[in-house]
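Undergrad: Pasting a structure here, questions to come.
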Amino acid sequence: MYERLKIDTLRGLACVLLIAYHVIGFNAETGLKLSEGTLRNINDTLVFIRMPLFTFLSGLVYAFWPFSSGGTSFIYKKVRRLLFPMLSVGTIFALLQAFTPGANSNEIDWLTLHIKPVAHYWFIESLFIVFIFVLICEKLKIFDRFDKFICVFIFSIVLYISPVNSDYFSFSGFIYLLPYFLFGMSLVRFDFSVNISDVWRLGLLLILIFIITLIFKGIVPYFEQRSLSSLILGCLGCLILLVVGIRFKPLAWIGSYSYSIYLFHVFFTAGTRIILHKLNVYDVEIIFSVALATGLLLPILTEKILEKNYFTNLVFLGKGIKRDL
């Protein structure tokens with residue numbers, strides 16, 4: 001159930017969904033600036049699976065190599081891997097957004113840069129807080145027993161559906177991500193493995209497609225992002241995708257570079273859109289296809305260039321010595 005090929009395939013799928021989201025734009029004022037149409041509807045429909053899948057997989061992978069000892073070392077590794085790239089790449093992104101003609105930019109408050117998250121880099125900041133929370137729970141041995149874990153998981157759900165919000169240090173993002181991370185972690189930590197026949201795999205996949213279709217057609221309404229319904233739907237979607245066990249090597253190859261794709265894709269998707277507009281190319285399908293391809297492939301090339309130098313490898317990718325690669 002947890003083989004590397006399946007997990008990386010899902011990572012690749014999550015990358016495709018994320019880049020498509022940013023190419024299309026989260027509203028009619030960003031990306032392709034679409035207010036309606038098939039791409040707009042698909043983009044909005046998949047909100048319940050996009051970031052939950054990234055987070056669910058992070059929890060799943062953490063559970064393979066959980067914290068055991070050395071809290072200071074654990075925190076340093078997370079600072080290096082998460083916060084170094086967030087600060088460096090996120091700052092470059094903010095600068096380009098502010099000063100590049102044709103960029104979809106809002107006015108930036110430079111005094112609160114990264115105190116209030118920059119664009120999609122909120123996820124990295126929120127995930128860092130999730131790891132600190134998990135470290136505290138590990139230190140207190142809360143995850144050693146399933147009954148204690150359930151109490152923490154219920155707490156995360158209550159927090160998720162509560163009105164608690166704060167943009168500072170992406171605390172709201174932490175609240176949003178925590179249940180999905182814990183859910184993914186629990187499947188490995190407490191050995192919830194599911195072995196089913198191919199017929200059942202196909203059936204589960206069809207159920208997921210059916211649910212997505214109902215939402216897309218408006219038969220099932222969109223749920224608030226932090227509602228109990230969206231949480232159940234997100235966890236169910238992640239679980240079904242994991243159990244179905246899609247294996248697709250090209251997508252898995254993309255998934256193995258998921259972090260670099262997350263960090264750098266916006267530079268290439270936005271750049272592609274701006275260049276094509278300069279060339280008087282405004283066809284939505286062409287822009288979407290080309291931007292999706294560049295958003296997937298050029299960050300991989302960027303990683304291969306940056307990892308050749310120790311400084312850029314550390315600052316922009318969060319990697320240290322060669323054995324971390």
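So you can find residues: chains in the structure tokens are A, B, ... in the order shown, residues in each start at 1, and ligands are numbered from 1 in order.
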Please produce, as JSON lines, a per-residue contact table for region 21-134 of chain A versus region 276-292 of chain A (criterion: any atom at most 9 Å away, only C-alpha atoms considered), showing the nearest atom pair and its distance in Å to one decimal, sorted by chain then residue number.

TA:
{"residue": "A:Val23", "atom": "CA", "partner": "A:Phe288", "partner_atom": "CA", "distance": 6.4}
{"residue": "A:Ile24", "atom": "CA", "partner": "A:Phe288", "partner_atom": "CA", "distance": 7.2}
{"residue": "A:Leu32", "atom": "CA", "partner": "A:Val284", "partner_atom": "CA", "distance": 7.3}

Undergrad: Take the residues that were just selected and, keeping N, CA, C and O atoms, output them as a compact mmCIF listing (two decimals), in the first residue's frame.

TA:
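Output saved as again01.txt:
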# COMPACT_ATOMS: atom_id res chain seq x y z
N VAL A 23 -1.97 28.41 -12.75
CA VAL A 23 -2.07 28.88 -14.14
C VAL A 23 -3.45 29.49 -14.37
O VAL A 23 -3.58 30.58 -14.94
N ILE A 24 -4.48 28.80 -13.93
CA ILE A 24 -5.85 29.29 -14.11
C ILE A 24 -6.11 30.50 -13.23
O ILE A 24 -6.72 31.49 -13.65
N LEU A 32 -5.09 33.22 -15.53
CA LEU A 32 -5.73 33.45 -16.83
C LEU A 32 -6.95 34.36 -16.73
O LEU A 32 -7.58 34.67 -17.75

Undergrad: Would you work out the distance separating CA of Asn43 (chain A) from CA of Gly203 (chain A), expressed in Å to one decimal?

TA: 24.2 Å

Undergrad: Write out as an NGL selection string all residues of region 96-186 of chain A that backbone DSSP assigns to helix (DSSP H, G or I).

TA: :A and (96-99 or 110-112 or 119-139 or 142-144 or 146-161 or 168-186)

Undergrad: Write out as a list in words each polymer residue whose atoms come within 6 Å of region 221-237 of chain A, counting only C-alpha atoms; drop sequence neighbours fewer than 3 positions from it.

TA: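 Once the nearby chain positions are removed, what remains is Phe48, Ile49, Tyr160, Ile161, Gly218 and Ile240 of chain A.
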
Undergrad: Please report the interatomic distance between CA of His22 (chain A) and CA of Leu5 (chain A) in Å with one decimal.

TA: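 Computed distance, CA of His22 (chain A) to CA of Leu5 (chain A), equals 25.9 Å.
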
Undergrad: Tell me which protein, DNA and RNA residues are within 12 Å of Arg80 (chain A), counting only C-alpha atoms, leaving out same-chain ones fewer than 6 positions away, and put them as JSON, numbers by chain.

TA: {"A": [73, 74, 86, 87, 88, 124, 128, 313, 314, 315, 316, 317, 318, 319, 320, 321, 324]}

Undergrad: Could you take the residues named above and write them with N, CA and C atoms, as a compact mmCIF listing (two decimals), in the first residue's frame?

TA:
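Now in out.txt:
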# COMPACT_ATOMS: atom_id res chain seq x y z
N SER A 73 18.24 18.94 16.71
CA SER A 73 18.62 18.52 15.36
C SER A 73 17.40 18.45 14.45
N PHE A 74 16.30 17.94 14.97
CA PHE A 74 15.07 17.84 14.19
C PHE A 74 14.60 19.22 13.74
N MET A 86 11.86 29.03 1.88
CA MET A 86 10.71 29.93 1.96
C MET A 86 11.16 31.38 2.00
N LEU A 87 12.18 31.67 2.80
CA LEU A 87 12.67 33.04 2.93
C LEU A 87 13.37 33.52 1.66
N SER A 88 14.21 32.67 1.07
CA SER A 88 14.98 33.09 -0.10
C SER A 88 14.12 33.14 -1.36
N ILE A 124 4.50 26.24 3.23
CA ILE A 124 5.78 25.84 3.82
C ILE A 124 5.86 26.31 5.26
N PHE A 128 5.87 23.89 8.63
CA PHE A 128 6.90 23.98 9.67
C PHE A 128 6.25 23.97 11.05
N ASN A 313 22.44 25.26 -3.10
CA ASN A 313 21.77 24.03 -2.68
C ASN A 313 21.15 24.19 -1.29
N LEU A 314 21.89 24.89 -0.41
CA LEU A 314 21.43 25.10 0.96
C LEU A 314 20.36 26.17 1.03
N VAL A 315 20.62 27.32 0.43
CA VAL A 315 19.75 28.48 0.60
C VAL A 315 18.44 28.36 -0.18
N PHE A 316 18.51 27.82 -1.39
CA PHE A 316 17.32 27.79 -2.24
C PHE A 316 16.59 26.45 -2.25
N LEU A 317 17.29 25.38 -1.87
CA LEU A 317 16.64 24.07 -1.84
C LEU A 317 16.53 23.49 -0.44
N GLY A 318 17.25 24.10 0.51
CA GLY A 318 17.19 23.62 1.88
C GLY A 318 17.95 22.34 2.11
N LYS A 319 18.85 22.03 1.19
CA LYS A 319 19.64 20.82 1.32
C LYS A 319 21.04 21.18 1.78
N GLY A 320 21.68 20.25 2.47
CA GLY A 320 23.02 20.49 2.96
C GLY A 320 24.05 19.74 2.14
N ILE A 321 24.69 18.83 2.81
CA ILE A 321 25.73 18.05 2.15
C ILE A 321 25.14 17.06 1.18
N ASP A 324 22.23 14.42 1.52
CA ASP A 324 20.85 14.83 1.75
C ASP A 324 20.03 14.83 0.46

Undergrad: In Å to one decimal, how far is CA of Cys238 (chain A) from CA of Tyr176 (chain A)?

TA: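 Separating CA of Tyr176 (chain A) from CA of Cys238 (chain A) is a distance of 15.1 Å.
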
Undergrad: Please identify all polymer residues within 10 Å of Phe171 (chain A), counting only C-alpha atoms, omitting same-chain residues fewer than 3 positions from it, and present them as a VMD selection string.

TA: chain A and resid 116 to 117 122 125 to 127 129 to 130 164 to 168 174 to 177

Undergrad: Residues at most 12 Å from Phe146 (chain A), counting only C-alpha atoms, excluding those fewer than 5 positions away in the same chain, as a CSV table (one decimal) with N, CA and C atoms, in the first residue's frame?

TA:
chain,number,residue,atom,x,y,z
A,141,LYS,N,5.1,11.7,24.1
A,141,LYS,CA,4.7,10.3,23.8
A,141,LYS,C,3.2,10.2,23.6
A,151,CYS,N,-7.4,11.6,20.6
A,151,CYS,CA,-7.7,12.8,21.3
A,151,CYS,C,-7.1,14.0,20.6
A,152,VAL,N,-5.8,13.9,20.1
A,152,VAL,CA,-5.2,14.9,19.4
A,152,VAL,C,-5.8,15.2,18.1
A,153,PHE,N,-6.2,14.1,17.4
A,153,PHE,CA,-6.9,14.2,16.1
A,153,PHE,C,-8.2,14.9,16.2
A,182,LEU,N,-2.0,14.6,10.2
A,182,LEU,CA,-2.2,13.6,11.2
A,182,LEU,C,-2.9,12.3,10.7
A,185,MET,N,-0.3,10.5,8.6
A,185,MET,CA,0.7,9.9,9.6
A,185,MET,C,0.1,8.6,10.3
A,186,SER,N,-1.2,8.7,10.6
A,186,SER,CA,-1.8,7.6,11.4
A,186,SER,C,-1.8,6.3,10.6
A,187,LEU,N,-2.0,6.4,9.3
A,187,LEU,CA,-2.1,5.2,8.5
A,187,LEU,C,-0.9,4.3,8.6
A,189,ARG,N,1.6,4.9,11.1
A,189,ARG,CA,2.0,4.8,12.5
A,189,ARG,C,1.2,3.7,13.2
A,190,PHE,N,0.0,3.5,12.8
A,190,PHE,CA,-0.8,2.5,13.5
A,190,PHE,C,-1.2,1.4,12.5
A,191,ASP,N,-0.4,1.3,11.4
A,191,ASP,CA,-0.5,0.1,10.5
A,191,ASP,C,-1.8,-0.1,10.0
A,192,PHE,N,-2.5,0.9,9.4
A,192,PHE,CA,-3.8,0.7,8.7
A,192,PHE,C,-3.5,0.4,7.3

Undergrad: So which residues touch region 245-256 of chain A within 6 Å, counting only C-alpha atoms, skipping near sequence neighbours fewer than 5 positions away, as JSON, numbers by chain?

TA: {"A": [6, 8, 9, 11, 12]}

Undergrad: Go ahead and save the picked residues with N, CA and C atoms, as a short mmCIF file (atom, residue, chain, number, x, y, z; two decimals), in the first residue's frame.

TA:
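result-v3.cif, freshly written:
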data_model
loop_
_atom_site.label_atom_id
_atom_site.label_comp_id
_atom_site.auth_asym_id
_atom_site.auth_seq_id
_atom_site.Cartn_x
_atom_site.Cartn_y
_atom_site.Cartn_z
N LYS A 6 3.93 4.45 -5.80
CA LYS A 6 2.56 4.94 -5.63
C LYS A 6 2.55 6.32 -4.96
N ASP A 8 5.01 8.59 -4.91
CA ASP A 8 5.54 9.60 -5.81
C ASP A 8 4.56 9.91 -6.96
N THR A 9 3.80 8.91 -7.37
CA THR A 9 2.77 9.16 -8.39
C THR A 9 1.73 10.15 -7.86
N ARG A 11 2.25 12.31 -5.48
CA ARG A 11 2.94 13.61 -5.39
C ARG A 11 2.92 14.31 -6.74
N GLY A 12 3.19 13.54 -7.78
CA GLY A 12 3.15 14.11 -9.13
C GLY A 12 1.78 14.63 -9.47
#

Undergrad: Kindly indicate which residue among A:Thr213, A:Thr272, A:Ser193, A:Ser162 lies nearest to Gly31 (chain A), using only C-alpha atoms for the distances.

TA: A:Thr272
